[in-house]
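Next comes entry.tsv, a file with TSV, C-alpha atoms and all ligand atoms.
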```tsv
chain	number	residue	atom	x	y	z
A	28	MET	CA	-19.19	37.43	18.50
A	29	ASN	CA	-20.95	34.47	20.01
A	30	VAL	CA	-18.10	32.55	21.59
A	31	PRO	CA	-19.24	28.96	22.14
A	32	GLY	CA	-19.78	28.08	25.79
A	33	ILE	CA	-19.54	31.61	27.23
A	34	SER	CA	-22.44	33.33	25.47
A	35	GLY	CA	-24.23	33.85	28.81
A	36	LEU	CA	-21.41	36.00	30.23
A	37	SER	CA	-21.32	39.77	30.67
A	38	PRO	CA	-19.16	41.82	28.22
A	39	ALA	CA	-16.51	42.27	30.93
A	40	GLU	CA	-16.44	38.56	31.61
A	41	ARG	CA	-16.30	37.83	27.90
A	42	ALA	CA	-13.38	40.20	27.49
A	43	ASP	CA	-11.42	37.93	29.81
A	44	HIS	CA	-10.26	35.49	27.18
A	45	ARG	CA	-8.88	33.13	29.80
A	46	LEU	CA	-12.24	32.59	31.48
A	47	GLY	CA	-13.68	29.12	30.91
A	48	ARG	CA	-10.47	27.84	29.35
A	49	ASP	CA	-9.17	25.83	32.30
A	50	ILE	CA	-8.43	22.21	31.42
A	51	THR	CA	-10.96	19.97	33.15
A	52	ARG	CA	-10.38	16.59	31.50
A	53	ILE	CA	-7.75	14.77	29.42
A	54	GLU	CA	-8.78	11.38	28.10
A	55	PRO	CA	-6.56	9.26	25.83
A	56	VAL	CA	-7.89	6.24	23.92
A	57	ILE	CA	-6.11	3.76	21.65
A	58	VAL	CA	-7.49	3.19	18.14
A	59	ASP	CA	-6.41	0.59	15.58
A	60	LEU	CA	-7.21	1.42	11.95
A	61	PRO	CA	-6.68	-1.11	9.14
A	62	THR	CA	-4.74	0.16	6.11
A	63	THR	CA	-5.79	-0.26	2.48
A	64	ARG	CA	-2.66	-2.33	1.81
A	65	ARG	CA	0.46	-3.65	3.53
A	66	HIS	CA	2.91	-0.77	4.15
A	67	ARG	CA	6.55	-1.89	4.35
A	68	LEU	CA	9.60	-0.16	5.82
A	69	SER	CA	13.14	-1.55	6.10
A	70	ASN	CA	12.56	-2.72	9.68
A	71	THR	CA	8.82	-3.34	9.98
A	72	GLU	CA	5.58	-3.63	8.05
A	73	VAL	CA	2.02	-2.78	8.97
A	74	THR	CA	-1.49	-3.74	7.86
A	75	PHE	CA	-3.06	-1.51	10.49
A	76	GLN	CA	-2.05	1.71	12.17
A	77	SER	CA	-2.33	2.33	15.92
A	78	TYR	CA	-2.88	5.79	17.35
A	79	VAL	CA	-3.67	7.43	20.67
A	80	ILE	CA	-6.46	9.98	20.30
A	81	VAL	CA	-6.56	12.51	23.15
A	82	ARG	CA	-9.80	14.24	24.07
A	83	ALA	CA	-9.27	17.49	26.03
A	84	GLU	CA	-12.18	19.24	27.70
A	85	LEU	CA	-12.24	22.83	28.96
A	86	ALA	CA	-14.32	24.40	31.73
A	87	ASP	CA	-16.61	26.06	29.15
A	88	GLY	CA	-17.45	22.60	27.79
A	89	THR	CA	-15.36	22.90	24.60
A	90	VAL	CA	-13.75	19.66	23.47
A	91	GLY	CA	-10.54	19.41	21.43
A	92	TYR	CA	-8.72	16.41	19.97
A	93	GLY	CA	-5.09	15.51	19.33
A	94	GLU	CA	-3.33	12.43	17.99
A	95	ALA	CA	-0.14	10.46	18.58
A	96	ALA	CA	0.80	8.25	15.62
A	97	THR	CA	3.03	5.18	15.89
A	98	LEU	CA	4.26	2.76	13.23
A	99	GLY	CA	4.75	-0.95	13.94
A	100	GLY	CA	4.49	-0.65	17.74
A	101	PRO	CA	7.55	0.86	19.47
A	102	ARG	CA	9.49	0.28	16.25
A	103	TRP	CA	9.81	3.45	14.21
A	104	ALA	CA	10.31	5.32	17.51
A	105	GLU	CA	10.45	4.06	21.09
A	106	GLU	CA	6.88	4.99	22.10
A	107	SER	CA	4.09	2.42	21.74
A	108	VAL	CA	0.40	3.34	21.96
A	109	GLU	CA	0.17	1.43	25.25
A	110	ALA	CA	3.04	3.48	26.75
A	111	ILE	CA	1.67	6.73	25.33
A	112	LYS	CA	-1.76	6.18	26.89
A	113	ALA	CA	-0.29	5.05	30.23
A	114	ASN	CA	2.07	8.01	30.47
A	115	ILE	CA	-0.63	10.51	29.56
A	116	ASP	CA	-2.95	9.05	32.21
A	117	ALA	CA	-0.30	8.83	34.95
A	118	TYR	CA	1.96	11.84	34.28
A	119	LEU	CA	1.02	14.31	31.54
A	120	ALA	CA	-2.67	14.77	32.36
A	121	PRO	CA	-2.10	15.35	36.12
A	122	ALA	CA	0.62	17.90	35.24
A	123	ILE	CA	-1.80	20.15	33.34
A	124	LEU	CA	-5.29	19.52	34.77
A	125	GLY	CA	-6.70	22.75	36.23
A	126	ARG	CA	-4.23	24.91	34.26
A	127	ASN	CA	-5.36	27.34	31.56
A	128	ALA	CA	-5.30	25.90	28.05
A	129	LEU	CA	-4.06	29.22	26.63
A	130	ASP	CA	-0.81	28.98	28.61
A	131	PHE	CA	0.71	26.96	25.80
A	132	GLU	CA	4.39	27.36	26.78
A	133	ALA	CA	3.71	26.81	30.48
A	134	ASN	CA	1.69	23.66	29.73
A	135	LEU	CA	4.49	22.32	27.53
A	136	LEU	CA	7.02	22.97	30.31
A	137	ALA	CA	4.79	21.30	32.91
A	138	MET	CA	4.50	18.22	30.69
A	139	LYS	CA	8.26	18.16	30.03
A	140	LYS	CA	8.89	18.33	33.77
A	141	ALA	CA	6.48	15.45	34.38
A	142	ALA	CA	7.93	13.12	31.72
A	143	SER	CA	11.19	13.34	29.77
A	144	ARG	CA	11.08	12.63	26.01
A	145	ASN	CA	7.60	11.03	25.48
A	146	ASN	CA	7.38	13.35	22.48
A	147	ALA	CA	4.48	11.62	20.70
A	148	ALA	CA	2.46	11.59	23.94
A	149	ARG	CA	3.20	15.25	24.69
A	150	GLY	CA	2.50	16.25	21.08
A	151	ALA	CA	-0.93	14.60	21.19
A	152	VAL	CA	-1.96	16.39	24.40
A	153	ASP	CA	-0.55	19.68	23.14
A	154	SER	CA	-2.50	19.32	19.83
A	155	ALA	CA	-5.71	18.61	21.75
A	156	LEU	CA	-5.17	21.78	23.82
A	157	PHE	CA	-4.54	23.89	20.70
A	158	ASP	CA	-7.68	22.43	19.13
A	159	ALA	CA	-9.80	23.05	22.24
A	160	ALA	CA	-8.46	26.58	22.75
A	161	GLY	CA	-9.03	27.48	19.11
A	162	LYS	CA	-12.53	25.99	19.05
A	163	SER	CA	-13.39	27.77	22.30
A	164	LEU	CA	-12.25	31.16	20.95
A	165	GLY	CA	-13.47	30.56	17.40
A	166	LEU	CA	-9.92	30.94	16.01
A	167	PRO	CA	-7.82	28.63	13.83
A	168	THR	CA	-4.81	27.08	15.56
A	169	SER	CA	-2.52	28.51	12.86
A	170	LEU	CA	-3.30	31.97	14.24
A	171	PHE	CA	-1.70	31.00	17.57
A	172	LEU	CA	1.39	29.97	15.59
A	173	GLY	CA	1.89	33.19	13.68
A	174	GLY	CA	-0.86	32.89	11.06
A	175	ALA	CA	-1.11	30.88	7.85
A	176	LEU	CA	1.07	31.77	4.86
A	177	ARG	CA	-0.38	29.12	2.54
A	178	ASP	CA	-3.70	27.29	2.26
A	179	ARG	CA	-2.53	24.20	0.38
A	180	ILE	CA	0.67	22.17	0.14
A	181	GLU	CA	1.99	19.83	-2.59
A	182	VAL	CA	1.54	16.33	-1.19
A	183	LEU	CA	3.55	13.20	-1.98
A	184	TRP	CA	2.28	9.58	-1.87
A	185	ALA	CA	4.41	6.72	-0.52
A	186	LEU	CA	4.70	3.45	-2.45
A	187	ALA	CA	5.66	0.71	-0.04
A	188	SER	CA	4.31	-2.71	-0.96
A	189	GLY	CA	7.65	-3.80	-2.40
A	190	ASP	CA	5.96	-5.19	-5.54
A	191	ALA	CA	6.89	-2.97	-8.51
A	192	ASP	CA	3.81	-3.93	-10.59
A	193	GLN	CA	1.44	-3.07	-7.75
A	194	GLU	CA	3.35	0.15	-6.99
A	195	ILE	CA	3.25	1.32	-10.63
A	196	GLU	CA	-0.49	0.66	-10.82
A	197	GLU	CA	-1.08	2.49	-7.52
A	198	ALA	CA	0.98	5.48	-8.66
A	199	LYS	CA	-0.79	5.67	-12.01
A	200	GLY	CA	-4.14	5.73	-10.19
A	201	LYS	CA	-2.98	8.66	-8.03
A	202	LEU	CA	-1.66	10.50	-11.08
A	203	SER	CA	-4.83	10.12	-13.12
A	204	ALA	CA	-6.93	11.26	-10.14
A	205	ARG	CA	-4.61	14.33	-9.98
A	206	GLU	CA	-3.98	13.60	-6.30
A	207	HIS	CA	-0.23	12.93	-6.33
A	208	ARG	CA	2.62	13.35	-8.81
A	209	ARG	CA	5.51	12.98	-6.37
A	210	PHE	CA	6.18	9.56	-4.90
A	211	LYS	CA	8.29	8.19	-2.07
A	212	ILE	CA	9.66	4.67	-2.50
A	213	LYS	CA	10.53	2.77	0.64
A	214	LEU	CA	13.82	0.88	0.29
A	215	GLY	CA	15.77	-1.52	2.46
A	216	PHE	CA	13.45	-4.50	2.83
A	217	HIS	CA	14.82	-6.07	-0.38
A	218	SER	CA	18.51	-6.44	-1.18
A	219	PRO	CA	20.00	-3.21	-2.60
A	220	ALA	CA	20.33	-4.84	-6.03
A	221	ASP	CA	16.67	-5.91	-6.03
A	222	ASP	CA	15.65	-2.44	-4.83
A	223	MET	CA	17.58	-0.88	-7.75
A	224	ALA	CA	15.77	-3.17	-10.21
A	225	ARG	CA	12.44	-2.18	-8.63
A	226	LEU	CA	13.36	1.52	-8.73
A	227	THR	CA	14.41	1.25	-12.37
A	228	ARG	CA	11.03	-0.21	-13.33
A	229	ILE	CA	9.11	2.40	-11.33
A	230	THR	CA	11.06	5.40	-12.66
A	231	GLU	CA	10.69	4.13	-16.25
A	232	ALA	CA	6.93	3.72	-15.75
A	233	LEU	CA	6.47	7.19	-14.20
A	234	PRO	CA	8.31	9.66	-16.44
A	235	GLY	CA	8.19	13.24	-15.18
A	236	CYS	CA	7.33	12.24	-11.60
A	237	GLU	CA	9.64	13.27	-8.76
A	238	ILE	CA	10.80	10.24	-6.78
A	239	VAL	CA	12.08	10.40	-3.18
A	240	CYS	CA	13.61	7.26	-1.57
A	241	ASP	CA	13.44	6.46	2.15
A	242	VAL	CA	15.96	3.84	3.26
A	243	ASN	CA	14.94	3.97	6.95
A	244	GLN	CA	18.53	3.34	8.17
A	245	ALA	CA	18.94	0.03	6.33
A	246	TRP	CA	22.22	0.69	4.52
A	247	SER	CA	25.88	0.80	5.43
A	248	GLU	CA	28.21	3.52	4.16
A	249	ALA	CA	29.66	1.04	1.64
A	250	THR	CA	26.21	0.12	0.27
A	251	ALA	CA	25.32	3.78	-0.08
A	252	ILE	CA	28.59	4.57	-1.89
A	253	ARG	CA	27.96	1.66	-4.24
A	254	TYR	CA	24.34	2.45	-5.15
A	255	LEU	CA	24.07	6.26	-5.00
A	256	PRO	CA	25.43	6.77	-8.54
A	257	ARG	CA	22.72	4.45	-9.92
A	258	MET	CA	20.07	6.40	-8.01
A	259	ALA	CA	21.42	9.61	-9.52
A	260	GLU	CA	21.18	8.06	-13.01
A	261	LEU	CA	17.53	7.21	-12.26
A	262	GLY	CA	16.86	10.85	-11.38
A	263	ILE	CA	15.96	10.29	-7.69
A	264	VAL	CA	15.52	13.76	-6.17
A	265	LEU	CA	16.03	13.06	-2.44
A	266	ILE	CA	17.32	10.22	-0.22
A	267	GLU	CA	15.99	9.94	3.32
A	268	GLN	CA	17.88	8.51	6.32
A	269	PRO	CA	20.16	6.02	4.51
A	270	LEU	CA	22.24	5.11	7.60
A	271	ARG	CA	21.58	4.62	11.32
A	272	PRO	CA	21.13	7.80	13.40
A	273	GLY	CA	24.49	7.43	15.28
A	274	LEU	CA	26.53	7.37	12.06
A	275	LEU	CA	26.82	11.12	11.56
A	276	GLU	CA	30.35	11.19	10.13
A	277	ALA	CA	29.67	8.31	7.75
A	278	THR	CA	26.42	9.93	6.61
A	279	GLY	CA	28.34	13.18	6.15
A	280	ARG	CA	30.87	11.37	3.94
A	281	ILE	CA	28.21	9.85	1.69
A	282	ALA	CA	26.35	13.17	1.51
A	283	ALA	CA	29.60	14.79	0.33
A	284	ARG	CA	29.88	12.24	-2.51
A	285	SER	CA	26.20	12.32	-3.44
A	286	SER	CA	24.65	14.52	-6.12
A	287	ILE	CA	21.28	13.77	-4.49
A	288	PRO	CA	20.51	15.68	-1.26
A	289	ILE	CA	20.21	13.60	1.92
A	290	MET	CA	17.24	14.14	4.24
A	291	THR	CA	17.53	13.67	8.01
A	292	ASP	CA	14.58	11.87	9.59
A	293	GLU	CA	15.03	9.42	12.50
A	294	ALA	CA	18.49	10.89	13.27
A	295	ALA	CA	17.08	14.17	14.62
A	296	PHE	CA	14.34	14.54	17.20
A	297	THR	CA	15.84	17.37	19.28
A	298	GLY	CA	17.16	20.78	18.27
A	299	ALA	CA	20.70	19.69	19.21
A	300	GLU	CA	20.36	16.63	16.94
A	301	ILE	CA	19.17	18.82	14.07
A	302	VAL	CA	22.22	21.08	14.52
A	303	ALA	CA	24.55	18.04	14.72
A	304	ASN	CA	23.18	16.60	11.48
A	305	ALA	CA	23.43	19.91	9.67
A	306	THR	CA	26.90	20.86	10.88
A	307	SER	CA	28.38	17.40	10.18
A	308	GLY	CA	27.00	17.62	6.65
A	309	ALA	CA	24.85	14.50	7.22
A	310	GLY	CA	21.65	16.15	6.03
A	311	SER	CA	20.71	19.19	3.97
A	312	VAL	CA	16.94	18.64	4.27
A	313	TYR	CA	15.00	18.01	7.51
A	314	SER	CA	11.80	15.95	7.82
A	315	LEU	CA	9.43	17.65	10.27
A	316	LYS	CA	7.28	15.37	12.45
A	317	LEU	CA	5.15	16.16	15.48
A	318	VAL	CA	6.03	12.79	17.03
A	319	LYS	CA	9.69	13.84	16.99
A	320	SER	CA	9.23	17.40	18.26
A	321	GLY	CA	6.49	16.83	20.86
A	322	GLY	CA	4.27	19.88	20.43
A	323	LEU	CA	3.11	22.33	17.77
A	324	MET	CA	5.34	25.21	18.90
A	325	GLU	CA	8.21	22.73	19.33
A	326	LEU	CA	7.65	21.61	15.73
A	327	LYS	CA	7.79	25.19	14.55
A	328	ARG	CA	10.97	25.71	16.59
A	329	ALA	CA	12.48	22.58	14.97
A	330	ALA	CA	11.73	24.11	11.57
A	331	GLY	CA	13.45	27.34	12.63
A	332	THR	CA	16.50	25.47	13.94
A	333	ALA	CA	16.86	23.45	10.74
A	334	GLN	CA	16.40	26.54	8.63
A	335	ALA	CA	18.94	28.51	10.66
A	336	CYS	CA	21.45	25.72	9.96
A	337	GLY	CA	20.77	26.04	6.23
A	338	MET	CA	18.61	22.93	5.86
A	339	GLU	CA	15.57	22.86	3.59
A	340	LEU	CA	12.27	21.66	5.05
A	341	TYR	CA	10.05	18.68	4.24
A	342	GLY	CA	6.69	18.06	5.92
A	343	GLY	CA	7.06	14.45	7.07
A	344	CYS	CA	4.41	12.14	8.49
A	345	LEU	CA	3.93	8.90	10.39
A	346	LEU	CA	0.73	7.96	8.53
A	347	GLU	CA	-1.35	10.23	10.77
A	348	THR	CA	-5.14	10.21	10.33
A	349	GLY	CA	-6.87	13.40	9.18
A	350	LEU	CA	-6.67	14.65	12.78
A	351	GLY	CA	-2.89	14.28	13.05
A	352	ALA	CA	-2.51	15.65	9.52
A	353	ALA	CA	-4.54	18.73	10.52
A	354	ALA	CA	-2.17	19.35	13.46
A	355	HIS	CA	0.82	19.16	11.10
A	356	LEU	CA	-0.87	21.40	8.56
A	357	ALA	CA	-1.63	24.02	11.22
A	358	VAL	CA	2.15	24.33	11.68
A	359	PHE	CA	3.27	23.74	8.07
A	360	SER	CA	0.87	26.44	6.85
A	361	THR	CA	2.74	29.04	8.96
A	362	LEU	CA	6.32	28.20	7.93
A	363	PRO	CA	8.11	30.88	5.91
A	364	THR	CA	9.56	28.15	3.68
A	365	LEU	CA	8.62	24.53	3.05
A	366	GLU	CA	10.73	23.71	0.02
A	367	TRP	CA	9.78	20.04	-0.31
A	368	GLY	CA	6.05	20.17	0.42
A	369	CYS	CA	4.63	17.37	2.55
A	370	GLU	CA	3.64	13.69	2.46
A	371	HIS	CA	0.34	13.48	4.28
A	372	PHE	CA	-1.04	10.33	2.69
A	373	GLY	CA	-2.14	8.85	6.07
A	374	PRO	CA	-5.80	9.97	5.84
A	375	ARG	CA	-6.03	8.07	2.54
A	376	ILE	CA	-4.19	4.90	3.52
A	377	VAL	CA	-6.35	4.10	6.55
A	378	LYS	CA	-9.61	2.42	5.57
A	379	THR	CA	-11.58	4.58	8.01
A	380	ASP	CA	-10.47	8.10	8.79
A	381	LEU	CA	-11.94	9.57	11.98
A	382	LEU	CA	-13.20	12.87	10.56
A	383	ARG	CA	-16.75	13.93	9.75
A	384	GLU	CA	-15.49	15.74	6.63
A	385	PRO	CA	-12.27	14.41	5.11
A	386	ILE	CA	-9.37	16.75	4.36
A	387	THR	CA	-9.37	17.71	0.66
A	388	PHE	CA	-6.72	16.28	-1.69
A	389	LYS	CA	-7.00	18.06	-5.03
A	390	ASP	CA	-4.71	19.00	-7.92
A	391	PHE	CA	-1.72	17.32	-6.24
A	392	HIS	CA	-2.15	19.37	-3.06
A	393	ILE	CA	-3.52	18.76	0.40
A	394	HIS	CA	-5.71	21.66	1.49
A	395	CYS	CA	-5.12	23.10	4.96
A	396	PRO	CA	-8.32	23.10	7.06
A	397	THR	CA	-9.29	26.65	8.01
A	398	GLY	CA	-12.03	26.32	10.66
A	399	PRO	CA	-11.61	26.95	14.42
A	400	GLY	CA	-8.98	24.91	16.24
A	401	LEU	CA	-7.36	22.34	13.97
A	402	GLY	CA	-10.25	22.91	11.57
A	403	VAL	CA	-11.52	19.33	11.58
A	404	ASP	CA	-14.30	17.55	13.47
A	405	ILE	CA	-13.98	14.08	14.89
A	406	ASN	CA	-16.70	11.59	14.04
A	407	GLU	CA	-17.32	10.38	17.58
A	408	ASP	CA	-19.22	7.29	16.43
A	409	ALA	CA	-16.29	6.21	14.24
A	410	LEU	CA	-13.90	6.93	17.11
A	411	ALA	CA	-15.96	4.83	19.54
A	412	ALA	CA	-16.24	2.00	17.01
A	413	MET	CA	-12.47	1.91	16.38
A	414	THR	CA	-11.39	2.35	20.03
A	415	ARG	CA	-9.45	-0.66	21.30
A	416	LYS	CA	-11.46	-2.57	23.88
A	417	ALA	CA	-9.76	-3.17	27.22
B	1	LIG	C1	9.20	7.57	7.71
B	1	LIG	O1	10.26	7.07	8.02
B	1	LIG	O2	9.23	8.58	7.01
B	1	LIG	C2	6.32	7.95	6.80
B	1	LIG	C3	6.00	7.67	5.58
B	1	LIG	C4	6.28	6.34	5.35
B	1	LIG	O3	6.11	5.71	4.33
B	1	LIG	O4	6.85	5.84	6.45
B	1	LIG	C5	6.80	6.79	7.47
B	1	LIG	C6	7.96	7.00	8.32
B	2	MG	MG	11.47	8.53	6.96
```

Would you kindly transcribe this structure into structure tokens?
Amino acid sequence: MNVPGISGLSPAERADHRLGRDITRIEPVIVDLPTTRRHRLSNTEVTFQSYVIVRAELADGTVGYGEAATLGGPRWAEESVEAIKANIDAYLAPAILGRNALDFEANLLAMKKAASRNNAARGAVDSALFDAAGKSLGLPTSLFLGGALRDRIEVLWALASGDADQEIEEAKGKLSAREHRRFKIKLGFHSPADDMARLTRITEALPGCEIVCDVNQAWSEATAIRYLPRMAELGIVLIEQPLRPGLLEATGRIAARSSIPIMTDEAAFTGAEIVANATSGAGSVYSLKLVKSGGLMELKRAAGTAQACGMELYGGCLLETGLGAAAHLAVFSTLPTLEWGCEHFGPRIVKTDLLREPITFKDFHIHCPTGPGLGVDINEDALAAMTRKA
């Protein structure tokens, strides 16, 4: 096998899989990518998405990439792209430079010791190391995570302009292209009554489609109690994060009254938070996100924790580009169960994705890249063009 970068070595040297895999460079850049339309959440709205793209280089010259996604600055979560880049430069990169990229657990621990939380930042560096290690060895990242169990995943599209006519037209376009037949409606930026009117129109216009609603913490317990029966009448299949993260008991009470399962998103970043949500009855489905877990193995551990508590799994997103989506898919492809599929619409909502070959969306599924590393190649010209200037 001609392993890239070490083809000149003797068989004995080649047999040492660690040789040439020391981390020589970690370089984060900020990119701003316009979206095809305004994307609204209860507490923010975006017309462009900001990411930190991390370039990791190994001693054998292999380069890997990883991504940290944010939404609306330090709004969806506390990390902004500016903070992510600064903390990678000052703390995470120095903690792992010179270490071997294949020491995945040790590198995670070194980064955790250097900076607490900073999950999006750590997840981006960790993804870049998995990509570089896989590309260097000619192996897909999923193999480091137990091996893929599926090569494609049903993928949902999020409707979030707030204008029912526009949303119906957008959904019909996705349906006729056979790209998406499940939709997520963002709620909470209109009054609950207006949101119910909007939902009624959308569900009537899209018979047979599964509709998930994400409230992004906008409701009180009383509002949820009042409107959940109407959502059940409309056939909504899942409600995501209706109340604020701290309100575990209140969320547990509404979940107990609801015939629609409640999904935990912003309320659980850590394993302990996942357990707290499950055991208080606040959530019976968990939304997996790299930016919450802070590393590919950490994401897989989060899935195991949620599953052990009896929760079903949903592959969440933060509008990642194709690169971030590939990191998620490397993990999602290895999970024993993923009952709710995933929602990786990010590569299609940014006007310019950063990949040479886009990830395939076909027959309502996103196809998991299978090549070495994360299985995708960054278009370096596009990356340079979209990099934020100092
Ligand atoms: C979230 O809360 O799930 C992901 C999809 C979307 O529409 O918003 C984000 C964040
Ligand atoms: Mg959510």

*Mind listing the residues within 7 Å of ligand MG 2 (chain B), all atoms listed in the file counted, as a ChimeraX atom specification?*
/A:241,243,267-268,292-293

Exercise for review: Counting only C-alpha atoms, figure out which residue out of A:Leu166, A:Ile252, A:Met223, A:Met324 gets nearest to Leu401 of chain A.
Suggested key: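 Ranked by minimum distance to Leu401 of chain A, first place goes to A:Leu166.
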
If I wrap all listed atoms of ligand LIG 1 (chain B) in a box with edges along x, y and z and add 8 Å on each side, what are its centre and edge lengths in Å to one decimal, as AutoDock Vina command-line options?
```
--center_x 8.1 --center_y 7.1 --center_z 6.3 --size_x 20.3 --size_y 18.9 --size_z 20.0
```

Contact table segment 80-150 of chain A vs segment 376-387 of chain A, cut-off 12 Å, shortest pair per residue, all atoms listed in the file, as JSON lines:
```
{"residue": "A:Ile80", "atom": "CA", "partner": "A:Leu381", "partner_atom": "CA", "distance": 10.0}
{"residue": "A:Tyr92", "atom": "CA", "partner": "A:Leu381", "partner_atom": "CA", "distance": 11.0}
{"residue": "A:Gly93", "atom": "CA", "partner": "A:Leu381", "partner_atom": "CA", "distance": 11.7}
{"residue": "A:Glu94", "atom": "CA", "partner": "A:Leu381", "partner_atom": "CA", "distance": 10.9}
```

Step by step, measure atom-to-atom distances between ligand LIG 1 (chain B) and each residue using only C-alpha atoms and all ligand atoms, keep those at most 9 Å, then write them as a PDB file with C-alpha atoms, keeping the file's coordinate frame.
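So result28.pdb came out as:
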```pdb
ATOM      1  CA  HIS A  66       2.910  -0.770   4.150  1.00  0.00           C
ATOM      2  CA  ARG A  67       6.550  -1.890   4.350  1.00  0.00           C
ATOM      3  CA  LEU A  68       9.600  -0.160   5.820  1.00  0.00           C
ATOM      4  CA  LEU A  98       4.260   2.760  13.230  1.00  0.00           C
ATOM      5  CA  TRP A 103       9.810   3.450  14.210  1.00  0.00           C
ATOM      6  CA  TRP A 184       2.280   9.580  -1.870  1.00  0.00           C
ATOM      7  CA  ALA A 185       4.410   6.720  -0.520  1.00  0.00           C
ATOM      8  CA  LEU A 186       4.700   3.450  -2.450  1.00  0.00           C
ATOM      9  CA  ALA A 187       5.660   0.710  -0.040  1.00  0.00           C
ATOM     10  CA  LYS A 211       8.290   8.190  -2.070  1.00  0.00           C
ATOM     11  CA  ILE A 212       9.660   4.670  -2.500  1.00  0.00           C
ATOM     12  CA  LYS A 213      10.530   2.770   0.640  1.00  0.00           C
ATOM     13  CA  ASP A 241      13.440   6.460   2.150  1.00  0.00           C
ATOM     14  CA  VAL A 242      15.960   3.840   3.260  1.00  0.00           C
ATOM     15  CA  ASN A 243      14.940   3.970   6.950  1.00  0.00           C
ATOM     16  CA  GLU A 267      15.990   9.940   3.320  1.00  0.00           C
ATOM     17  CA  GLN A 268      17.880   8.510   6.320  1.00  0.00           C
ATOM     18  CA  ASP A 292      14.580  11.870   9.590  1.00  0.00           C
ATOM     19  CA  GLU A 293      15.030   9.420  12.500  1.00  0.00           C
ATOM     20  CA  SER A 314      11.800  15.950   7.820  1.00  0.00           C
ATOM     21  CA  LYS A 316       7.280  15.370  12.450  1.00  0.00           C
ATOM     22  CA  GLY A 343       7.060  14.450   7.070  1.00  0.00           C
ATOM     23  CA  CYS A 344       4.410  12.140   8.490  1.00  0.00           C
ATOM     24  CA  LEU A 345       3.930   8.900  10.390  1.00  0.00           C
ATOM     25  CA  LEU A 346       0.730   7.960   8.530  1.00  0.00           C
ATOM     26  CA  GLU A 347      -1.350  10.230  10.770  1.00  0.00           C
ATOM     27  CA  GLU A 370       3.640  13.690   2.460  1.00  0.00           C
ATOM     28  CA  HIS A 371       0.340  13.480   4.280  1.00  0.00           C
ATOM     29  CA  PHE A 372      -1.040  10.330   2.690  1.00  0.00           C
ATOM     30  CA  GLY A 373      -2.140   8.850   6.070  1.00  0.00           C
TER      31      GLY A 373
END
```

Give me, please, the distance in Å between atom CA of Leu136 of chain A and atom CA of Leu176 of chain A, quoted to one decimal.
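It comes out at 27.6 Å.
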
Could I get the residues of segment 132-247 of chain A with an atom no further than 9 Å from an atom of segment 41-65 of chain A, each paired with its nearest atom pair and that distance in Å to one decimal, using all atoms listed in the file, sorted by chain and residue number, as CSV?
```
residue,atom,partner,partner_atom,distance
A:Val152,CA,A:Ile53,CA,7.8
A:Ala155,CA,A:Ile53,CA,8.8
A:Leu156,CA,A:Ile50,CA,8.3
A:Ala159,CA,A:Arg48,CA,8.6
A:Ala160,CA,A:Arg48,CA,7.0
A:Ser163,CA,A:Arg48,CA,7.6
A:Leu164,CA,A:His44,CA,7.8
A:Ala187,CA,A:Arg65,CA,7.7
A:Ser188,CA,A:Arg65,CA,6.0
```

Point-to-point distance in Å for atom CA of Asp408 of chain A and atom CA of Asp158 of chain A: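 Taking atom CA of Asp158 of chain A and atom CA of Asp408 of chain A, their separation equals 19.2 Å.
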
Original post:
For the atom pair atom CA of Phe216 of chain A and atom CA of Ala198 of chain A, what is the interatomic distance in Å to one decimal place?
Top reply: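 For atom CA of Phe216 of chain A relative to atom CA of Ala198 of chain A, the distance reads 19.7 Å.
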
Just give me the residues with any atom within 7 Å of (-4.1, 15.6, -7.5), file coordinates, counting only C-alpha atoms, written as a list of chain:residue names.
A:Leu202, A:Ala204, A:Arg205, A:Glu206, A:His207, A:Phe388, A:Lys389, A:Asp390, A:Phe391, A:His392

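Distances from A:Ala95, A:Met290, A:Ile229, A:Leu255 to Gln76 of chain A were compared using all atoms listed in the file, and the smallest one belongs to A:Ala95.
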
*asked:* I'd like the neighbourhood of segment 117-122 of chain A as a VMD selection string, where a residue qualifies if any of its atoms comes within 7 Å (using only C-alpha atoms), though same-chain residues fewer than 4 positions away should be ignored.
replied: chain A and resid 53 113 137 to 138 141 to 142
